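The structure under discussion appears below in the form of structure tokens.
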Amino acid sequence: MTNNRLPLAAFAATLVLSASSFAGTTSAPTFSRDVAPILYKNCASCHRPGEIAPMPLLTYEQARPWAKSIREKVALGQMPPWHAAEPRGTFSNDRRLSAAEKDTLLQWASAGASQGDPKDLPPLPKFTEGWEIGTPDAVFSMEKPFEVPASGTIDYKYFTVPTNFTEDKWVQSIEVRPGARRVVHHVLVFCREPDAKPRPPAFVQVPPKSGVAPKTAEKTADPNRPPAQPRGPGTLIATTAPGTNAMSFEPGSAMRIRAGSTLMFQIHYTANGNAAEDRSSVGMIFAKEPKQEIRNSAFINVFLKIPPGEANQEVDSAIEFKQDAHITALFPHTHLRGKSWQYRLVYPDGRSEVVLSVPKYDFNWQTYYVFAQPLAAPKGSRLEAAAYYDNSAANTFNPDPKVEVHWGEQTWQEMQYSGISYFVDRPDASTGVTGAPPSTTAATGPGARRNTRVD
């Protein structure tokens with residue numbers, strides 16, 4: 001008990017000092033002038049009606065009852081949620097507040113959380129109803145609703161949606177919207193292209209340090225895959241899960257979807273005691289004259305084994321680049337026993353560096369970490385991913401510390417899964433687009449065909 005009280009006492013003292021430091025100032029922060037701009041910039045995308053957060057924070061009347069909670073969550077670094085250890089500026093989608101923004105929120109809550117002059121309130125941020133990316137150029141929805149039962153374990157569901165594209169499309173922004181968010185844990189959207197033929201892989205999966213060679217996603221059979229999809233669901237192009245964001249690429253960069261492609265929705269429903277009806281959708285904004293093709297893929301270790309009671313089990317996986325490339329984003333994914341992640345890039349000359357460290361992984365806030373500057377991965381480079389798991393009784397989220405844990409889709413099982421976005425450093429003669437495939441090839445990278453799923 002003593003050890004637990006010390007951090008809490010120090011935290012309380014910090015808040016008291018913060019409040020007293022403003023007692024002598026002439027102008028404590030107010031909601032209208034100082035706090036609202038911070039909330040609108042950093043919090044409103046989730047904390048508004050119809051979004052994932054449990055309460056809106058757009059007005060003083062909405063935010064004032066939560067002042068104490070805002071103070072505590074901000075002081076502890078729990079909100080806005082972010083789990084990578086790299087400095088601010090490393091990732092373009094970094095949610096963390098600046099030191100000045102944190103200070104303002106702590107001051108406001110500690111000094112009485114005043115409203116201030118309503119005339120100081122900035123305009124409410126403008127959101128396209130239902131979409132983070134703005135009004136989509138095209139929206140694709142499940143052809144009919146799915147009835148989600150009130151109870152029981154629900155196997156993954158697959159829904160096919162034709163694009164009816166008569167010409168190739170380049171996608172600048174893409175967003176998945178659950179139809180019934182309260183029962184949809186995640187949606188993965190895959191793209192299957194007609195008459196697809198494999199192109200030379202940008203990377204291949206290699207044996208991990210543990211000595212157990214994971215089968216690549218290209219070659220591993222999936223017993224849960226519908227028989228009608230012998231080639232797999234296709235390339236993973238979009239996802240939504242707790243904590244993920246819509247994806248928008250830098251100007252000049254885009255994903256290519258070929259004419260005649262079909263989308264496949266893989267949906268994980270979780271019963272919550274009430275029957276529901278879901279009709280999820282994906283929206284796209286198209287690019288004009290892209291110069292660079294963004295590819296999406298994944299690498300995994302399906303042979304993970306976590307002994308009962310083990311508090312820090314390492315499971316690793318790795319890929320080796322066969323072409324010069326740049327990594328634009330990484331997506332670490334484990335389940336309830338997931339503890340932390342580390343990604344190391346090893347260069348052909350032997351140099352290595354940690355490019356992503358997630359010391360406190362949170363299953364409830366899964367993040368696609370988008371690099372502000374893409375990472376150069378020359379041919380011969382190796383990207384190593386190490387996930388750490390806590391299967392002990394000390395893990396309060398652990399479903400059962402007495403069992404040995406293996407790969408599985410459900411949250412009481414585990415995964416070692418890394419999503420990756422990248423581009424290849426070569427111009428395509430036919431289109432002038434960096435890394436673009438010829439019109440007869442598929443945009444399917446290694447690792448994208450099996451187990452590209454998020455539980």
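Starting from 1 in every chain, residues are counted up; chains themselves are A, B, ... following the order of the structure tokens, and ligands are numbered from 1 as listed.
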
Could you build a table of the residues in region 77-147 of chain A lying no more than 9 Å from region 238-245 of chain A, giving for each the nearest pair of atoms and their separation in Å rounded to one decimal place, using only C-alpha atoms, ordered by chain and ascending residue number, as a Markdown table?
| residue | atom | partner | partner_atom | distance |
| --- | --- | --- | --- | --- |
| A:Pro81 | CA | A:Gly243 | CA | 8.1 |
| A:Asn93 | CA | A:Asn245 | CA | 8.9 |
| A:Glu132 | CA | A:Asn245 | CA | 8.4 |

Could you please take those selected residues and save C-alpha atoms as a PDB file, in the first residue's frame?
ATOM      1  CA  PRO A  81      -4.094   8.800 -25.743  1.00  0.00           C
ATOM      2  CA  ASN A  93      -0.450  11.986 -36.169  1.00  0.00           C
ATOM      3  CA  GLU A 132     -13.277  12.796 -40.453  1.00  0.00           C
TER       4      GLU A 132
END

Checklist entry - Neighbours of Ala372 (chain A) within 6 Å (only C-alpha atoms; same-chain residues fewer than 3 positions away dropped), as a list in words? => result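 After dropping sequence-adjacent residues, the list is Thr90, Phe91 and Ser92 of chain A.
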
Item to check | Residues flagged strand (DSSP E or B) by DSSP in region 254-353 of chain A, as a VMD selection string | outcome: chain A and resid 254 to 257 262 to 269 276 to 278 281 to 286 292 to 293 295 to 300 305 to 306 313 to 321 325 to 333 338 to 346 352 to 353

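Residue nearest Met255 (chain A) within the list A:Lys102, A:Lys169, A:Arg182, A:Arg33: A:Lys169 [criterion: smallest interatomic distance, only C-alpha atoms].
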
Region 105-145 of chain A near region 285-305 of chain A within 8 Å: what's each residue's closest atom pair and its distance in Å to one decimal, counting only C-alpha atoms, ordered by chain then ascending residue number, as CSV?
residue,atom,partner,partner_atom,distance
A:Ile133,CA,A:Ile285,CA,7.9
A:Thr135,CA,A:Ile285,CA,7.8
A:Pro136,CA,A:Ile285,CA,5.0
A:Asp137,CA,A:Ile285,CA,4.9
A:Ala138,CA,A:Ile285,CA,6.9

Those same residues - N, CA and C atoms - I'd like them written as a PDB file, in the first residue's frame.
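Output file again_28.pdb follows:
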ATOM      1  N   ILE A 133     -12.621  12.682 -42.796  1.00  0.00           N
ATOM      2  CA  ILE A 133     -11.853  13.073 -43.977  1.00  0.00           C
ATOM      3  C   ILE A 133     -12.531  14.165 -44.795  1.00  0.00           C
ATOM      4  N   THR A 135     -16.197  15.314 -46.985  1.00  0.00           N
ATOM      5  CA  THR A 135     -17.184  14.643 -47.824  1.00  0.00           C
ATOM      6  C   THR A 135     -16.497  13.695 -48.806  1.00  0.00           C
ATOM      7  N   PRO A 136     -16.776  12.401 -48.728  1.00  0.00           N
ATOM      8  CA  PRO A 136     -16.100  11.454 -49.627  1.00  0.00           C
ATOM      9  C   PRO A 136     -16.548  11.620 -51.077  1.00  0.00           C
ATOM     10  N   ASP A 137     -15.645  11.270 -51.998  1.00  0.00           N
ATOM     11  CA  ASP A 137     -16.007  11.201 -53.410  1.00  0.00           C
ATOM     12  C   ASP A 137     -16.822   9.946 -53.701  1.00  0.00           C
ATOM     13  N   ALA A 138     -16.617   8.911 -52.899  1.00  0.00           N
ATOM     14  CA  ALA A 138     -17.364   7.662 -53.074  1.00  0.00           C
ATOM     15  C   ALA A 138     -17.517   6.990 -51.717  1.00  0.00           C
TER      16      ALA A 138
END

Checklist entry - What's the 12 Å shell around Glu51 (chain A), counting only C-alpha atoms, without same-chain residues fewer than 6 positions away, as a list in words? => result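 Surrounding residues, per the criterion: Cys43, Ala44, Ser45, Leu57, Phe127, Glu129, Gly130, Trp131, Glu132, Arg177, Pro178, Gly179, Ala180, Arg181, Arg182, Pro242, Gly243 and Asn245 of chain A.
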
May I have the residues from that selection written out with N, CA and C atoms, as a PDB file, in the first residue's frame?
ATOM      1  N   CYS A  43      -9.047  17.415 -29.141  1.00  0.00           N
ATOM      2  CA  CYS A  43      -9.985  16.488 -28.512  1.00  0.00           C
ATOM      3  C   CYS A  43     -11.321  16.352 -29.236  1.00  0.00           C
ATOM      4  N   ALA A  44     -11.716  17.384 -29.980  1.00  0.00           N
ATOM      5  CA  ALA A  44     -13.073  17.418 -30.522  1.00  0.00           C
ATOM      6  C   ALA A  44     -13.340  16.341 -31.553  1.00  0.00           C
ATOM      7  N   SER A  45     -12.309  15.848 -32.224  1.00  0.00           N
ATOM      8  CA  SER A  45     -12.555  14.802 -33.229  1.00  0.00           C
ATOM      9  C   SER A  45     -13.181  13.563 -32.617  1.00  0.00           C
ATOM     10  N   LEU A  57     -17.074  17.580 -25.548  1.00  0.00           N
ATOM     11  CA  LEU A  57     -16.383  18.648 -24.818  1.00  0.00           C
ATOM     12  C   LEU A  57     -16.324  19.914 -25.659  1.00  0.00           C
ATOM     13  N   PHE A 127     -16.968  19.998 -38.836  1.00  0.00           N
ATOM     14  CA  PHE A 127     -16.794  18.594 -39.180  1.00  0.00           C
ATOM     15  C   PHE A 127     -17.846  18.208 -40.211  1.00  0.00           C
ATOM     16  N   GLU A 129     -20.464  15.846 -41.271  1.00  0.00           N
ATOM     17  CA  GLU A 129     -21.277  14.935 -40.478  1.00  0.00           C
ATOM     18  C   GLU A 129     -20.938  13.489 -40.828  1.00  0.00           C
ATOM     19  N   GLY A 130     -20.436  12.769 -39.830  1.00  0.00           N
ATOM     20  CA  GLY A 130     -20.163  11.354 -40.008  1.00  0.00           C
ATOM     21  C   GLY A 130     -18.810  11.027 -40.597  1.00  0.00           C
ATOM     22  N   TRP A 131     -17.988  12.033 -40.997  1.00  0.00           N
ATOM     23  CA  TRP A 131     -16.722  11.724 -41.658  1.00  0.00           C
ATOM     24  C   TRP A 131     -15.606  12.621 -41.145  1.00  0.00           C
ATOM     25  N   GLU A 132     -14.461  12.023 -40.829  1.00  0.00           N
ATOM     26  CA  GLU A 132     -13.277  12.796 -40.453  1.00  0.00           C
ATOM     27  C   GLU A 132     -12.592  13.387 -41.675  1.00  0.00           C
ATOM     28  N   ARG A 177     -16.360   3.619 -41.463  1.00  0.00           N
ATOM     29  CA  ARG A 177     -17.356   4.055 -40.487  1.00  0.00           C
ATOM     30  C   ARG A 177     -18.239   2.884 -40.086  1.00  0.00           C
ATOM     31  N   PRO A 178     -18.153   2.431 -38.822  1.00  0.00           N
ATOM     32  CA  PRO A 178     -19.064   1.382 -38.373  1.00  0.00           C
ATOM     33  C   PRO A 178     -20.500   1.872 -38.389  1.00  0.00           C
ATOM     34  N   GLY A 179     -21.421   0.986 -38.749  1.00  0.00           N
ATOM     35  CA  GLY A 179     -22.824   1.356 -38.732  1.00  0.00           C
ATOM     36  C   GLY A 179     -23.406   1.349 -37.336  1.00  0.00           C
ATOM     37  N   ALA A 180     -22.955   0.408 -36.492  1.00  0.00           N
ATOM     38  CA  ALA A 180     -23.406   0.316 -35.100  1.00  0.00           C
ATOM     39  C   ALA A 180     -22.161   0.213 -34.235  1.00  0.00           C
ATOM     40  N   ARG A 181     -21.584   1.357 -33.930  1.00  0.00           N
ATOM     41  CA  ARG A 181     -20.285   1.404 -33.263  1.00  0.00           C
ATOM     42  C   ARG A 181     -20.252   0.608 -31.959  1.00  0.00           C
ATOM     43  N   ARG A 182     -21.368   0.553 -31.244  1.00  0.00           N
ATOM     44  CA  ARG A 182     -21.362  -0.083 -29.931  1.00  0.00           C
ATOM     45  C   ARG A 182     -21.137  -1.593 -29.998  1.00  0.00           C
ATOM     46  N   PRO A 242     -10.579   0.549 -32.018  1.00  0.00           N
ATOM     47  CA  PRO A 242     -10.441   1.556 -30.962  1.00  0.00           C
ATOM     48  C   PRO A 242      -9.098   2.270 -31.034  1.00  0.00           C
ATOM     49  N   GLY A 243      -9.124   3.563 -31.264  1.00  0.00           N
ATOM     50  CA  GLY A 243      -7.900   4.337 -31.302  1.00  0.00           C
ATOM     51  C   GLY A 243      -7.381   4.661 -32.680  1.00  0.00           C
ATOM     52  N   ASN A 245      -7.324   6.047 -36.631  1.00  0.00           N
ATOM     53  CA  ASN A 245      -7.835   7.237 -37.304  1.00  0.00           C
ATOM     54  C   ASN A 245      -8.098   6.940 -38.764  1.00  0.00           C
TER      55      ASN A 245
END

Next on the checklist: DSSP on the backbone: which residues in region 24-261 of chain A end up as helix (DSSP H, G or I)? Give the answer as an MDAnalysis selection string.
Outcome noted: chainID A and resid 31:42 60:75 99:110 118:120 181:183

Please produce an output containing C-alpha atoms for each residue in the selection, written as an mmCIF file, in the first residue's frame.
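Result saved to selection_23.cif:
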data_model
loop_
_atom_site.group_PDB
_atom_site.id
_atom_site.type_symbol
_atom_site.label_atom_id
_atom_site.label_comp_id
_atom_site.auth_asym_id
_atom_site.auth_seq_id
_atom_site.Cartn_x
_atom_site.Cartn_y
_atom_site.Cartn_z
ATOM 1 C CA PHE A 31 -12.537 28.103 -20.998
ATOM 2 C CA SER A 32 -13.597 30.585 -23.668
ATOM 3 C CA ARG A 33 -10.224 32.198 -24.246
ATOM 4 C CA ASP A 34 -7.668 29.474 -23.446
ATOM 5 C CA VAL A 35 -9.163 26.001 -23.024
ATOM 6 C CA ALA A 36 -11.642 25.764 -25.893
ATOM 7 C CA PRO A 37 -8.965 26.249 -28.605
ATOM 8 C CA ILE A 38 -6.978 23.338 -27.133
ATOM 9 C CA LEU A 39 -10.013 21.065 -26.900
ATOM 10 C CA TYR A 40 -11.148 21.947 -30.416
ATOM 11 C CA LYS A 41 -7.699 21.213 -31.840
ATOM 12 C CA ASN A 42 -6.817 18.053 -29.911
ATOM 13 C CA TYR A 60 -18.353 25.101 -21.366
ATOM 14 C CA GLU A 61 -21.492 23.405 -20.062
ATOM 15 C CA GLN A 62 -20.246 20.094 -21.433
ATOM 16 C CA ALA A 63 -16.637 20.440 -20.242
ATOM 17 C CA ARG A 64 -17.063 21.994 -16.773
ATOM 18 C CA PRO A 65 -18.370 18.831 -15.032
ATOM 19 C CA TRP A 66 -15.285 16.979 -16.306
ATOM 20 C CA ALA A 67 -12.695 19.556 -15.196
ATOM 21 C CA LYS A 68 -11.255 17.352 -12.438
ATOM 22 C CA SER A 69 -11.084 14.344 -14.735
ATOM 23 C CA ILE A 70 -9.455 16.429 -17.495
ATOM 24 C CA ARG A 71 -6.850 17.631 -14.999
ATOM 25 C CA GLU A 72 -6.008 14.119 -13.836
ATOM 26 C CA LYS A 73 -5.943 12.510 -17.276
ATOM 27 C CA VAL A 74 -3.791 15.281 -18.724
ATOM 28 C CA ALA A 75 -1.389 15.297 -15.769
ATOM 29 C CA ALA A 99 3.913 21.476 -22.548
ATOM 30 C CA ALA A 100 2.132 24.833 -22.828
ATOM 31 C CA GLU A 101 -1.191 23.180 -23.666
ATOM 32 C CA LYS A 102 -0.891 20.797 -20.724
ATOM 33 C CA ASP A 103 -0.019 23.675 -18.421
ATOM 34 C CA THR A 104 -3.041 25.669 -19.546
ATOM 35 C CA LEU A 105 -5.473 22.799 -18.922
ATOM 36 C CA LEU A 106 -3.983 22.068 -15.487
ATOM 37 C CA GLN A 107 -4.114 25.741 -14.544
ATOM 38 C CA TRP A 108 -7.705 26.086 -15.690
ATOM 39 C CA ALA A 109 -8.962 23.078 -13.733
ATOM 40 C CA SER A 110 -6.928 23.895 -10.614
ATOM 41 C CA PRO A 118 -18.260 33.941 -23.996
ATOM 42 C CA LYS A 119 -17.233 36.536 -26.597
ATOM 43 C CA ASP A 120 -13.701 35.053 -26.468
ATOM 44 C CA ARG A 181 -20.285 1.404 -33.263
ATOM 45 C CA ARG A 182 -21.362 -0.083 -29.931
ATOM 46 C CA VAL A 183 -21.130 -3.652 -31.262
#

Checklist entry - Can you tell me, as a list of chain:residue names, what residues are no more than 9 Å from Thr153 (chain A) when counting only C-alpha atoms, ignoring any on the same chain fewer than 2 positions away? => result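 Here the qualifying residues turn out to be A:Ser151, A:Asp155, A:Tyr269, A:Thr270, A:Ala271, A:Gln410.
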
Output C-alpha atoms of each residue in that selection to a file, as a short mmCIF file (atom, residue, chain, number, x, y, z; two decimals), in the first residue's frame.
data_model
loop_
_atom_site.label_atom_id
_atom_site.label_comp_id
_atom_site.auth_asym_id
_atom_site.auth_seq_id
_atom_site.Cartn_x
_atom_site.Cartn_y
_atom_site.Cartn_z
CA SER A 151 -25.09 -12.54 -26.75
CA ASP A 155 -17.16 -15.46 -35.67
CA TYR A 269 -18.72 -7.96 -33.80
CA THR A 270 -18.88 -8.12 -30.00
CA ALA A 271 -22.25 -8.82 -28.40
CA GLN A 410 -10.42 -13.77 -30.13
#

Item to check | Shortest interatomic distance to Pro149 (chain A) - which of A:Leu58, A:Val184, A:Ala275, A:Ala259, counting only C-alpha atoms | outcome: A:Ala275

Item to check | Shell around region 375-390 of chain A at 7 Å using only C-alpha atoms, local window under 2 positions removed, as a PyMOL selection string | outcome: chain A and resi 310-328+337-348+373+392+395+416
